[in-house]
file final.cif (mmCIF, C-alpha atoms and all ligand atoms)
data_work
#
loop_
_atom_site.label_atom_id
_atom_site.label_comp_id
_atom_site.auth_asym_id
_atom_site.auth_seq_id
_atom_site.Cartn_x
_atom_site.Cartn_y
_atom_site.Cartn_z
CA MET A 1 2.06 -4.54 -12.49
CA TYR A 2 -0.24 -4.76 -9.47
CA ILE A 3 -3.14 -7.01 -8.66
CA THR A 4 -5.90 -5.38 -6.65
CA ILE A 5 -8.42 -7.25 -4.54
CA LEU A 6 -11.74 -5.45 -4.75
CA GLY A 7 -14.23 -4.72 -1.99
CA ARG A 8 -17.87 -5.62 -1.33
CA GLN A 9 -19.04 -3.78 -4.46
CA PRO A 10 -16.20 -4.56 -6.90
CA GLU A 11 -17.49 -2.16 -9.59
CA LEU A 12 -16.95 0.82 -7.31
CA GLY A 13 -13.33 -0.17 -6.81
CA ILE A 14 -12.87 -0.64 -10.55
CA ALA A 15 -14.43 2.77 -11.25
CA GLU A 16 -12.15 4.39 -8.69
CA LEU A 17 -9.05 2.72 -10.19
CA GLU A 18 -10.13 3.60 -13.70
CA ARG A 19 -10.49 7.29 -12.84
CA ILE A 20 -7.02 7.50 -11.28
CA PHE A 21 -5.03 5.23 -13.61
CA GLY A 22 -7.10 5.45 -16.82
CA GLY A 23 -9.31 2.74 -18.30
CA LYS A 24 -6.52 1.29 -20.46
CA SER A 25 -4.31 0.60 -17.43
CA ILE A 26 -6.97 -1.54 -15.76
CA SER A 27 -7.88 -5.12 -16.66
CA ILE A 28 -10.54 -7.08 -14.91
CA THR A 29 -8.95 -10.43 -14.12
CA SER A 30 -11.70 -12.14 -12.14
CA PRO A 31 -14.92 -11.18 -10.30
CA GLN A 32 -13.02 -10.01 -7.23
CA THR A 33 -9.80 -8.69 -8.77
CA ALA A 34 -8.32 -6.34 -11.35
CA THR A 35 -4.79 -5.62 -12.49
CA VAL A 36 -3.35 -2.12 -12.58
CA GLU A 37 -0.45 -1.09 -14.79
CA ALA A 38 1.39 1.35 -12.52
CA ASP A 39 4.81 1.93 -10.97
CA PHE A 40 3.40 2.59 -7.54
CA PHE A 41 0.20 1.69 -5.74
CA ASP A 42 -0.86 2.98 -2.33
CA VAL A 43 -3.65 0.76 -1.05
CA GLN A 44 -4.47 3.23 1.74
CA ARG A 45 -5.78 5.73 -0.78
CA PHE A 46 -8.43 3.51 -2.35
CA GLY A 47 -11.63 2.91 -0.41
CA GLY A 48 -12.73 0.15 -2.79
CA VAL A 49 -9.49 -1.87 -2.70
CA PRO A 50 -8.92 -3.84 0.53
CA LYS A 51 -5.62 -5.36 -0.63
CA ALA A 52 -3.08 -5.03 -3.42
CA GLY A 53 0.09 -6.82 -4.42
CA LYS A 54 2.91 -6.88 -6.93
CA ILE A 55 2.54 -9.63 -9.49
CA VAL A 56 5.53 -11.97 -9.35
CA GLU A 57 4.47 -14.73 -11.72
CA GLU A 58 1.66 -15.96 -13.91
CA ILE A 59 1.46 -19.73 -14.00
CA THR A 60 -0.46 -22.25 -16.04
CA ALA A 61 -1.73 -25.34 -14.29
CA SER A 62 -4.42 -27.85 -15.05
CA ASN A 63 -5.45 -28.28 -11.42
CA TRP A 64 -4.84 -26.89 -7.94
CA ARG A 65 -2.30 -29.60 -7.04
CA GLN A 66 -0.09 -28.64 -9.95
CA ALA A 67 -0.55 -24.94 -9.27
CA SER A 68 0.31 -25.30 -5.60
CA GLN A 69 3.47 -27.31 -6.41
CA LYS A 70 4.65 -24.53 -8.70
CA ILE A 71 3.87 -21.89 -6.07
CA VAL A 72 5.71 -23.80 -3.35
CA GLN A 73 8.76 -24.07 -5.63
CA LEU A 74 8.60 -20.38 -6.50
CA PHE A 75 8.69 -19.23 -2.89
CA TYR A 76 11.09 -21.95 -1.76
CA ASP A 77 13.61 -20.69 -4.35
CA LYS A 78 13.04 -17.18 -3.11
CA TRP A 79 13.32 -17.81 0.64
CA SER A 80 15.54 -20.89 1.08
CA LYS A 81 18.43 -18.60 1.98
CA PHE A 82 16.32 -16.14 3.98
CA ASP A 83 18.09 -14.83 7.05
CA GLY A 84 15.69 -14.88 10.02
CA LYS A 85 12.10 -15.86 10.65
CA ILE A 86 9.44 -15.24 8.05
CA THR A 87 5.67 -14.89 8.58
CA VAL A 88 3.55 -15.98 5.63
CA GLY A 89 -0.16 -15.64 4.92
CA ILE A 90 -1.80 -17.11 1.84
CA SER A 91 -4.97 -15.83 0.19
CA VAL A 92 -6.69 -17.36 -2.80
CA TYR A 93 -9.34 -15.53 -4.84
CA ASP A 94 -11.70 -16.78 -7.53
CA LEU A 95 -10.38 -20.32 -7.57
CA ASP A 96 -12.37 -23.32 -6.44
CA VAL A 97 -10.26 -24.41 -3.45
CA SER A 98 -10.98 -24.91 0.23
CA ALA A 99 -9.29 -23.23 3.19
CA ARG A 100 -7.76 -26.63 4.01
CA GLU A 101 -6.14 -26.92 0.58
CA VAL A 102 -4.73 -23.42 0.91
CA GLN A 103 -3.39 -24.21 4.35
CA GLN A 104 -1.84 -27.40 2.97
CA LEU A 105 0.16 -25.36 0.45
CA GLY A 106 1.50 -23.30 3.35
CA ILE A 107 2.38 -26.37 5.42
CA ILE A 108 4.35 -27.94 2.55
CA LEU A 109 6.24 -24.68 1.99
CA LYS A 110 6.94 -24.43 5.73
CA GLN A 111 8.30 -28.00 5.87
CA LYS A 112 10.53 -27.48 2.84
CA LEU A 113 11.92 -24.24 4.22
CA LYS A 114 12.52 -25.87 7.59
CA LYS A 115 14.77 -28.44 5.90
CA ALA A 116 16.72 -25.54 4.43
CA GLY A 117 17.06 -24.07 7.93
CA VAL A 118 14.52 -21.27 7.48
CA SER A 119 11.84 -20.80 10.08
CA MET A 120 8.41 -19.85 8.76
CA ARG A 121 5.24 -18.95 10.69
CA LEU A 122 2.08 -19.68 8.74
CA VAL A 123 -0.99 -17.49 9.36
CA PRO A 124 -3.94 -19.90 9.68
CA ASN A 125 -6.70 -19.82 7.04
CA THR A 126 -10.32 -20.17 8.09
CA GLU A 127 -11.33 -19.13 4.56
CA PRO A 128 -9.41 -19.53 1.27
CA ALA A 129 -8.53 -15.83 1.58
CA LEU A 130 -7.43 -14.13 4.80
CA ASN A 131 -9.76 -11.29 5.66
CA THR A 132 -8.43 -7.74 5.60
CA ALA A 133 -8.37 -7.53 9.40
CA VAL A 134 -6.11 -10.59 9.68
CA SER A 135 -3.76 -9.30 6.97
CA HIS A 136 -3.63 -5.88 8.60
CA HIS A 137 -3.12 -7.11 12.17
CA ASN A 138 -0.30 -9.43 11.07
CA LYS A 139 1.24 -6.47 9.19
CA LEU A 140 1.48 -8.66 6.07
CA GLY A 141 3.08 -7.00 3.09
CA LEU A 142 4.66 -4.25 5.15
CA SER A 143 8.16 -5.73 5.59
CA PRO A 144 10.32 -8.32 3.82
CA ASN A 145 9.73 -10.91 6.56
CA LYS A 146 5.94 -10.52 6.72
CA VAL A 147 4.49 -11.67 3.43
CA GLU A 148 1.07 -12.43 2.04
CA ILE A 149 0.95 -14.54 -1.09
CA LEU A 150 -2.03 -13.63 -3.25
CA ILE A 151 -3.19 -16.30 -5.68
CA VAL A 152 -5.83 -15.29 -8.20
CA GLY A 153 -7.72 -17.51 -10.61
CA GLY A 154 -10.56 -16.71 -12.98
CA ASN A 155 -8.41 -16.61 -16.12
CA SER A 156 -6.45 -19.10 -18.20
CA LYS A 157 -3.42 -18.26 -16.06
CA ILE A 158 -3.14 -18.11 -12.29
CA ILE A 159 -1.69 -14.86 -11.02
CA VAL A 160 0.73 -15.06 -8.11
CA ALA A 161 1.49 -11.83 -6.29
CA GLU A 162 3.08 -10.59 -3.09
CA SER A 163 0.89 -8.23 -1.14
CA THR A 164 2.11 -4.68 -0.64
CA GLY A 165 -0.32 -4.21 2.24
CA ALA A 166 -3.95 -4.30 3.26
CA GLN A 167 -6.22 -1.41 4.16
CA ASN A 168 -5.62 -0.13 7.67
CA ILE A 169 -8.98 -1.06 9.13
CA THR A 170 -8.03 0.27 12.58
CA ALA A 171 -7.40 3.71 11.12
CA TYR A 172 -10.70 3.60 9.21
CA ALA A 173 -12.61 2.62 12.36
CA ASN A 174 -10.97 5.51 14.27
CA ARG A 175 -11.77 8.00 11.55
CA ASP A 176 -15.35 6.79 11.54
CA GLN A 177 -16.10 6.22 15.21
CA LYS A 178 -13.62 8.26 17.25
CA ARG A 179 -14.49 11.61 15.72
CA PRO A 180 -15.84 13.92 18.41
CA ARG A 181 -18.96 14.89 16.41
CA ARG A 182 -21.24 12.38 14.79
CA ASP A 183 -24.86 12.65 13.73
CA ALA A 184 -27.02 9.65 12.96
CA PHE A 185 -29.67 11.80 11.26
CA VAL A 186 -27.50 13.27 8.50
CA GLY A 187 -26.25 9.74 7.96
CA MET A 188 -22.82 8.33 8.34
CA LEU A 189 -20.84 8.31 5.15
CA PRO A 190 -18.23 5.56 5.56
CA PRO A 191 -14.68 6.98 5.11
CA LYS A 192 -14.03 4.32 2.46
CA LEU A 193 -16.94 5.60 0.37
CA ALA A 194 -15.67 9.16 0.87
CA GLN A 195 -12.29 8.04 -0.54
CA ILE A 196 -13.99 6.37 -3.50
CA MET A 197 -15.93 9.56 -4.26
CA ILE A 198 -12.83 11.73 -4.04
CA ASN A 199 -10.91 9.40 -6.35
CA LEU A 200 -13.85 9.42 -8.77
CA THR A 201 -13.01 13.06 -9.48
CA GLY A 202 -9.97 11.62 -11.27
CA ILE A 203 -7.35 13.87 -9.68
CA ASN A 204 -4.15 11.98 -8.98
CA ASP A 205 -1.81 14.75 -7.89
CA THR A 206 -3.67 16.56 -5.12
CA GLN A 207 -0.97 19.03 -4.13
CA ASN A 208 -2.18 22.65 -4.17
CA LYS A 209 -5.64 21.50 -5.22
CA THR A 210 -8.84 22.55 -3.48
CA LEU A 211 -11.77 20.20 -3.05
CA LEU A 212 -15.24 21.52 -2.25
CA ASP A 213 -18.04 19.71 -0.40
CA PRO A 214 -21.15 21.96 -0.44
CA PHE A 215 -23.24 19.55 1.75
CA CYS A 216 -20.41 18.75 4.14
CA GLY A 217 -22.47 17.53 7.14
CA THR A 218 -20.01 16.20 9.72
CA GLY A 219 -17.10 16.57 7.27
CA THR A 220 -16.25 12.99 6.28
CA ILE A 221 -15.36 13.85 2.68
CA LEU A 222 -13.31 16.87 3.74
CA GLN A 223 -11.48 14.69 6.28
CA GLU A 224 -10.50 12.13 3.66
CA ALA A 225 -9.59 14.88 1.18
CA LEU A 226 -7.24 16.50 3.70
CA LEU A 227 -5.54 13.15 4.32
CA MET A 228 -5.06 12.81 0.56
CA GLY A 229 -3.29 16.17 0.41
CA TYR A 230 -6.09 18.49 -0.72
CA THR A 231 -6.99 21.87 0.67
CA ALA A 232 -10.58 21.39 1.76
CA TYR A 233 -13.51 23.76 1.57
CA GLY A 234 -16.88 22.86 3.05
CA THR A 235 -20.26 24.48 3.31
CA ASP A 236 -23.56 23.29 4.77
CA LEU A 237 -26.94 24.87 5.35
CA SER A 238 -26.86 23.95 9.02
CA GLU A 239 -24.76 25.99 11.47
CA LYS A 240 -24.66 22.93 13.68
CA MET A 241 -23.12 20.82 10.91
CA VAL A 242 -20.56 23.52 10.17
CA SER A 243 -19.47 23.52 13.80
CA TYR A 244 -19.38 19.69 13.78
CA THR A 245 -17.12 19.70 10.73
CA HIS A 246 -14.89 22.27 12.38
CA ASP A 247 -14.51 20.17 15.51
CA ASN A 248 -13.96 16.97 13.53
CA LEU A 249 -11.28 18.47 11.27
CA ASN A 250 -9.49 20.05 14.23
CA TRP A 251 -9.51 16.63 15.89
CA LEU A 252 -8.09 15.11 12.69
CA GLY A 253 -5.17 17.55 12.77
CA GLU A 254 -4.41 16.57 16.37
CA GLU A 255 -4.70 12.85 15.62
CA TYR A 256 -2.38 13.05 12.61
CA HIS A 257 -0.11 15.79 14.04
CA LYS A 258 -0.63 17.91 10.96
CA SER A 259 -1.79 21.42 10.32
CA PHE A 260 -4.41 20.85 7.66
CA ASN A 261 -5.61 23.57 5.36
CA PHE A 262 -9.41 23.86 5.50
CA LYS A 263 -12.30 26.31 5.66
CA VAL A 264 -15.95 25.73 6.54
CA SER A 265 -18.90 28.11 6.45
CA ALA A 266 -22.68 28.02 6.69
CA GLN A 267 -24.25 28.51 3.27
CA ASP A 268 -27.17 27.17 1.31
CA ALA A 269 -25.77 25.18 -1.63
CA THR A 270 -28.47 26.53 -3.91
CA THR A 271 -27.26 30.14 -3.45
CA ALA A 272 -23.76 29.82 -1.93
CA LYS A 273 -20.72 31.72 -3.19
CA TRP A 274 -17.60 29.59 -3.10
CA PRO A 275 -13.97 30.66 -3.55
CA ALA A 276 -12.60 31.19 -7.04
CA GLN A 277 -10.24 28.24 -7.20
CA ILE A 278 -12.10 24.96 -6.90
CA ASP A 279 -10.38 22.00 -8.56
CA ALA A 280 -12.82 19.24 -7.67
CA ILE A 281 -16.22 18.77 -6.06
CA ALA A 282 -17.06 15.66 -4.07
CA SER A 283 -20.25 15.70 -2.05
CA GLU A 284 -22.93 13.56 -0.55
CA THR A 285 -25.88 15.83 -1.27
CA TYR A 286 -29.18 16.04 0.53
CA LEU A 287 -30.66 12.51 0.55
CA GLY A 288 -34.10 13.36 1.90
CA GLN A 289 -35.47 11.65 4.97
CA PRO A 290 -34.33 8.17 5.91
CA PHE A 291 -36.83 5.31 5.50
CA SER A 292 -36.82 1.94 7.24
CA ALA A 293 -39.40 0.56 4.74
CA PRO A 294 -40.28 1.64 1.18
CA PRO A 295 -42.53 4.75 1.36
CA SER A 296 -46.01 5.00 -0.18
CA PRO A 297 -46.06 6.17 -3.83
CA ALA A 298 -47.37 9.61 -2.76
CA LYS A 299 -44.65 10.02 -0.14
CA LEU A 300 -41.99 8.84 -2.57
CA GLU A 301 -43.15 11.35 -5.17
CA GLU A 302 -42.93 14.17 -2.63
CA VAL A 303 -39.41 13.21 -1.49
CA VAL A 304 -38.13 12.70 -5.05
CA LYS A 305 -39.48 16.12 -6.06
CA ASN A 306 -37.92 17.84 -3.07
CA CYS A 307 -34.47 16.25 -3.50
CA ASN A 308 -34.54 16.81 -7.24
CA HIS A 309 -35.34 20.48 -6.71
CA ILE A 310 -32.54 21.11 -4.18
CA ILE A 311 -29.89 19.20 -6.14
CA THR A 312 -30.88 20.80 -9.47
CA ASP A 313 -30.66 24.27 -7.94
CA PHE A 314 -27.30 23.39 -6.41
CA LEU A 315 -25.89 22.23 -9.78
CA ARG A 316 -27.22 25.41 -11.44
CA ASN A 317 -25.61 27.58 -8.78
CA LEU A 318 -22.30 25.71 -9.02
CA HIS A 319 -21.97 25.81 -12.80
CA PRO A 320 -20.87 29.46 -13.35
CA GLN A 321 -18.54 29.28 -10.33
CA ILE A 322 -16.28 26.52 -11.66
CA GLN A 323 -14.12 26.19 -14.76
CA PRO A 324 -15.09 24.01 -17.74
CA GLY A 325 -13.56 20.56 -17.23
CA THR A 326 -13.87 20.63 -13.44
CA PRO A 327 -14.76 17.16 -12.13
CA VAL A 328 -17.82 16.73 -9.92
CA CYS A 329 -18.67 13.54 -8.02
CA ILE A 330 -21.91 13.66 -6.10
CA ALA A 331 -23.86 11.03 -4.23
CA VAL A 332 -27.58 11.53 -4.77
CA PRO A 333 -30.46 9.44 -3.44
CA ALA A 334 -32.11 6.54 -5.30
CA TRP A 335 -34.97 4.70 -3.59
CA ARG A 336 -35.31 0.95 -3.59
CA ASP A 337 -38.74 -0.66 -3.59
CA SER A 338 -39.63 -4.07 -2.15
CA ARG A 339 -38.75 -5.78 -5.47
CA GLY A 340 -35.29 -4.22 -5.50
CA ASP A 341 -36.07 -1.75 -8.31
CA PHE A 342 -34.82 1.81 -8.04
CA THR A 343 -36.48 5.18 -8.47
CA HIS A 344 -33.84 7.60 -9.73
CA LEU A 345 -33.75 11.38 -9.56
CA PRO A 346 -35.28 12.87 -12.74
CA LEU A 347 -32.39 15.36 -13.10
CA ILE A 348 -30.04 12.50 -14.09
CA GLU A 349 -31.79 12.22 -17.46
CA THR A 350 -31.39 15.93 -18.21
CA ILE A 351 -27.96 16.55 -16.73
CA ALA A 352 -26.59 18.00 -20.00
CA GLN A 353 -29.16 20.80 -19.80
CA LEU A 354 -27.61 21.76 -16.48
CA GLY A 355 -24.17 21.99 -18.10
CA TYR A 356 -22.58 18.71 -17.00
CA LYS A 357 -21.67 15.55 -18.85
CA PRO A 358 -21.39 12.10 -17.30
CA TYR A 359 -17.96 10.47 -17.35
CA GLU A 360 -17.94 7.37 -19.57
CA PHE A 361 -16.26 4.46 -17.85
CA HIS A 362 -14.62 1.69 -19.89
CA HIS A 363 -15.27 -1.11 -17.44
CA VAL A 364 -18.25 -0.04 -15.35
CA SER A 365 -21.83 0.68 -16.33
CA LYS A 366 -23.77 3.49 -14.72
CA ASN A 367 -26.14 0.98 -13.09
CA ASP A 368 -23.20 -0.25 -11.03
CA MET A 369 -22.65 3.12 -9.42
CA LEU A 370 -25.09 2.56 -6.59
CA TYR A 371 -23.92 2.10 -3.02
CA TYR A 372 -26.27 0.43 -0.55
CA ARG A 373 -26.60 -2.26 2.05
CA GLU A 374 -29.18 -5.00 1.55
CA ASN A 375 -31.67 -3.57 4.07
CA GLN A 376 -31.43 0.08 2.94
CA VAL A 377 -34.26 1.88 1.15
CA VAL A 378 -32.26 4.99 0.27
CA ALA A 379 -29.22 4.08 -1.81
CA ARG A 380 -26.51 6.53 -2.78
CA GLU A 381 -26.19 6.87 -6.53
CA LEU A 382 -22.76 8.15 -7.51
CA LEU A 383 -22.83 10.63 -10.38
CA VAL A 384 -19.44 11.24 -11.94
CA LEU A 385 -19.65 14.40 -14.00
CA THR A 386 -17.56 16.98 -15.76
CA ARG A 387 -18.58 20.62 -15.99
CA ILE A 388 -19.09 21.38 -19.68
C1 LIG A 401 -26.40 13.39 3.65
S1 LIG A 401 -25.86 14.72 4.60
C2 LIG A 401 -24.13 14.77 4.29
C3 LIG A 401 -23.39 14.01 5.35
C4 LIG A 401 -21.91 14.13 5.21
N1 LIG A 401 -21.39 13.44 4.03
C5 LIG A 401 -21.17 13.66 6.44
O1 LIG A 401 -20.10 13.10 6.29
O2 LIG A 401 -21.64 13.85 7.55
C6 LIG A 401 -26.51 16.09 3.76
C7 LIG A 401 -26.21 17.44 4.37
O3 LIG A 401 -26.78 18.41 3.52
C8 LIG A 401 -27.17 19.52 4.32
N2 LIG A 401 -28.12 20.29 3.51
C9 LIG A 401 -29.41 20.03 3.23
N3 LIG A 401 -29.89 20.96 2.39
C10 LIG A 401 -28.87 21.80 2.09
C11 LIG A 401 -28.71 22.95 1.27
N4 LIG A 401 -29.73 23.43 0.57
N5 LIG A 401 -27.51 23.54 1.22
C12 LIG A 401 -26.46 23.07 1.92
N6 LIG A 401 -26.56 21.99 2.72
C13 LIG A 401 -27.74 21.37 2.81
C14 LIG A 401 -27.68 18.91 5.59
O4 LIG A 401 -27.57 19.83 6.66
C15 LIG A 401 -26.75 17.70 5.76
O5 LIG A 401 -25.70 18.01 6.60
#

call {"tool": "encode", "arguments": {"input": "final.cif", "output": "structure tokens"}}
result
Amino acid sequence: MYITILGRQPELGIAELERIFGGKSISITSPQTATVEADFFDVQRFGGVPKAGKIVEEITASNWRQASQKIVQLFYDKWSKFDGKITVGISVYDLDVSAREVQQLGIILKQKLKKAGVSMRLVPNTEPALNTAVSHHNKLGLSPNKVEILIVGGNSKIIVAESTGAQNITAYANRDQKRPRRDAFVGMLPPKLAQIMINLTGINDTQNKTLLDPFCGTGTILQEALLMGYTAYGTDLSEKMVSYTHDNLNWLGEEYHKSFNFKVSAQDATTAKWPAQIDAIASETYLGQPFSAPPSPAKLEEVVKNCNHIITDFLRNLHPQIQPGTPVCIAVPAWRDSRGDFTHLPLIETIAQLGYKPYEFHHVSKNDMLYYRENQVVARELLVLTRI
């Protein structure tokens, strides 16, 4: 059993996990965490899961002092005969403790182990939980002598786990910023969100599967799909974007020393002809123009109408070209006004008439499927659909 630490928008991580492992295998343990019943968990595949760990114990304690004594004993028993030096980081989630109290647990463990002749380096805590960058840079969870203890509250029992690794934030930054072709106008889809969208198609075994992105832009979704093992197919209205995707995916192959299987061509998504075998669609569709402040009602109406028209025509064109049951995850625009309320695309209400049904999540409501930063007017609404 694994514990997963969820990202900035926990619901998106839960949705992603639910699609890959099934709703019954997921339990929400606290606001920031969920457990996953699985034999194997690769944290690098999940954009919404910064860290994960194997659960080693669930303890009951009436206060932090008691809990920390039990945790010290647990790891002392485990490591008192450890051969060599051990680096330990400690992260606490959803428990009311200070960084100092967490650090104190580490110091006591270090002192006890020292008496047993075992040398331990403690990663300093400035917060109760180490941030992903610290965990990643210290390589915690990646070898037996570099460990991160994850302690999770929020329930009647405290979960104690050993991390199996944190997201590789250096690799994400490279895949985002080092690509040769970037374009601020089409927007920058973060690679983590691209991973979330691909996982939301619910395909676990990606071998010999083809993923289509009909609004591929600079190719972020195709890039992440290739790294997950898909064959990638991309189209975009703009010749310039098609050449950008080409350059970016060629660069990816050089970076990862792999010969990836992909194809890109210039086509309008409302009339395009795609290849016969498409197993999944993940796409950030046309989002309309960017806004730095909420638009006037007349302007909003115009933009909503335009986006709704393009995306409806795209879904109509796609429908006869894919098999019933094919999963489709698209990001569509939703506009936030100054009160924080959203205007949604009208097509969402009539999606069944277009031949698609929304996936019903066990743990996440459809209002949670919005990705945005506080200052953004145009949010991305994630629609998780199945072709009827
Ligand atoms: C929001 S961007 C996608 C950005 C992309 N996810 C990336 O990683 O760069 C939308 C893209 O849709 C393309 N587009 C707009 N209308 C289109 C249409 N009718 N058919 C195909 N592509 C279209 C634009 O050229 C743009 O590249």

call {"tool": "atom_distance", "arguments": {"input": "final.cif", "atom1": "CA of Gln103 in chain A", "atom2": "CA of Ile59 in chain A"}}
result
19.5 Å

call {"tool": "residues_near_ligand", "arguments": {"input": "final.cif", "ligand": "ligand LIG 401 (chain A)", "cutoff": "8 Å", "atoms": "all atoms listed in the file", "output": "short mmCIF file (atom, residue, chain, number, x, y, z; two decimals) with C-alpha atoms, in the frame of the given file"}}
result
data_model
loop_
_atom_site.label_atom_id
_atom_site.label_comp_id
_atom_site.auth_asym_id
_atom_site.auth_seq_id
_atom_site.Cartn_x
_atom_site.Cartn_y
_atom_site.Cartn_z
CA ARG A 182 -21.24 12.38 14.79
CA ASP A 183 -24.86 12.65 13.73
CA VAL A 186 -27.50 13.27 8.50
CA GLY A 187 -26.25 9.74 7.96
CA MET A 188 -22.82 8.33 8.34
CA LEU A 189 -20.84 8.31 5.15
CA PRO A 190 -18.23 5.56 5.56
CA ALA A 194 -15.67 9.16 0.87
CA PRO A 214 -21.15 21.96 -0.44
CA PHE A 215 -23.24 19.55 1.75
CA CYS A 216 -20.41 18.75 4.14
CA GLY A 217 -22.47 17.53 7.14
CA THR A 218 -20.01 16.20 9.72
CA GLY A 219 -17.10 16.57 7.27
CA THR A 220 -16.25 12.99 6.28
CA ILE A 221 -15.36 13.85 2.68
CA THR A 235 -20.26 24.48 3.31
CA ASP A 236 -23.56 23.29 4.77
CA LEU A 237 -26.94 24.87 5.35
CA SER A 238 -26.86 23.95 9.02
CA MET A 241 -23.12 20.82 10.91
CA ALA A 266 -22.68 28.02 6.69
CA GLN A 267 -24.25 28.51 3.27
CA ASP A 268 -27.17 27.17 1.31
CA ALA A 269 -25.77 25.18 -1.63
CA THR A 270 -28.47 26.53 -3.91
CA ALA A 272 -23.76 29.82 -1.93
CA SER A 283 -20.25 15.70 -2.05
CA GLU A 284 -22.93 13.56 -0.55
CA THR A 285 -25.88 15.83 -1.27
CA TYR A 286 -29.18 16.04 0.53
CA LEU A 287 -30.66 12.51 0.55
CA GLY A 288 -34.10 13.36 1.90
CA ILE A 310 -32.54 21.11 -4.18
CA ILE A 311 -29.89 19.20 -6.14
CA PHE A 314 -27.30 23.39 -6.41
#

call {"tool": "closest_residue", "arguments": {"input": "final.cif", "among": "A:Pro180, A:Gly253, A:Pro31, A:Pro294", "to": "Gly153 in chain A", "atoms": "all atoms listed in the file"}}
result
A:Pro31

call {"tool": "closest_residue", "arguments": {"input": "final.cif", "among": "A:Ser292, A:Thr201, A:Ser30, A:Gln9", "to": "Gln376 in chain A", "atoms": "all atoms listed in the file"}}
result
A:Ser292

call {"tool": "residues_around", "arguments": {"input": "final.cif", "residues": "Asp205 in chain A", "least_positions_apart": "3", "cutoff": "9 Å", "atoms": "all atoms listed in the file", "output": "list in words"}}
result
Asn208, Lys209 and Gly229 of chain A

call {"tool": "residues_around", "arguments": {"input": "final.cif", "residues": "Gln323 in chain A", "least_positions_apart": "2", "cutoff": "12 Å", "atoms": "only C-alpha atoms", "output": "mmCIF file with C-alpha atoms, in the frame of the given file"}}
result
data_model
loop_
_atom_site.group_PDB
_atom_site.id
_atom_site.type_symbol
_atom_site.label_atom_id
_atom_site.label_comp_id
_atom_site.auth_asym_id
_atom_site.auth_seq_id
_atom_site.Cartn_x
_atom_site.Cartn_y
_atom_site.Cartn_z
ATOM 1 C CA ALA A 276 -12.600 31.190 -7.040
ATOM 2 C CA GLN A 277 -10.240 28.240 -7.200
ATOM 3 C CA ILE A 278 -12.100 24.960 -6.900
ATOM 4 C CA ASP A 279 -10.380 22.000 -8.560
ATOM 5 C CA ALA A 280 -12.820 19.240 -7.670
ATOM 6 C CA ILE A 281 -16.220 18.770 -6.060
ATOM 7 C CA LEU A 318 -22.300 25.710 -9.020
ATOM 8 C CA HIS A 319 -21.970 25.810 -12.800
ATOM 9 C CA PRO A 320 -20.870 29.460 -13.350
ATOM 10 C CA GLN A 321 -18.540 29.280 -10.330
ATOM 11 C CA GLY A 325 -13.560 20.560 -17.230
ATOM 12 C CA THR A 326 -13.870 20.630 -13.440
ATOM 13 C CA PRO A 327 -14.760 17.160 -12.130
ATOM 14 C CA VAL A 328 -17.820 16.730 -9.920
ATOM 15 C CA GLY A 355 -24.170 21.990 -18.100
ATOM 16 C CA TYR A 356 -22.580 18.710 -17.000
ATOM 17 C CA THR A 386 -17.560 16.980 -15.760
ATOM 18 C CA ARG A 387 -18.580 20.620 -15.990
ATOM 19 C CA ILE A 388 -19.090 21.380 -19.680
#

call {"tool": "residues_around", "arguments": {"input": "final.cif", "residues": "Val92 in chain A", "least_positions_apart": "6", "cutoff": "8 Å", "atoms": "all atoms listed in the file", "output": "list in words"}}
result
Val102, Pro128, Ala129, Leu150, Ile151, Val152 and Gly153 of chain A

call {"tool": "write_last_selection", "arguments": {"input": "final.cif", "atoms": "C-alpha atoms", "output": "JSON list (two decimals), in the frame of the given file"}}
result
[["chain", "number", "residue", "atom", "x", "y", "z"],
["A", 102, "VAL", "CA", -4.73, -23.42, 0.91],
["A", 128, "PRO", "CA", -9.41, -19.53, 1.27],
["A", 129, "ALA", "CA", -8.53, -15.83, 1.58],
["A", 150, "LEU", "CA", -2.03, -13.63, -3.25],
["A", 151, "ILE", "CA", -3.19, -16.30, -5.68],
["A", 152, "VAL", "CA", -5.83, -15.29, -8.20],
["A", 153, "GLY", "CA", -7.72, -17.51, -10.61]]

call {"tool": "atom_distance", "arguments": {"input": "final.cif", "atom1": "CA of Glu239 in chain A", "atom2": "CA of Ala379 in chain A"}}
result
26.0 Å

call {"tool": "atom_distance", "arguments": {"input": "final.cif", "atom1": "CA of Leu370 in chain A", "atom2": "CA of His136 in chain A"}}
result
27.6 Å
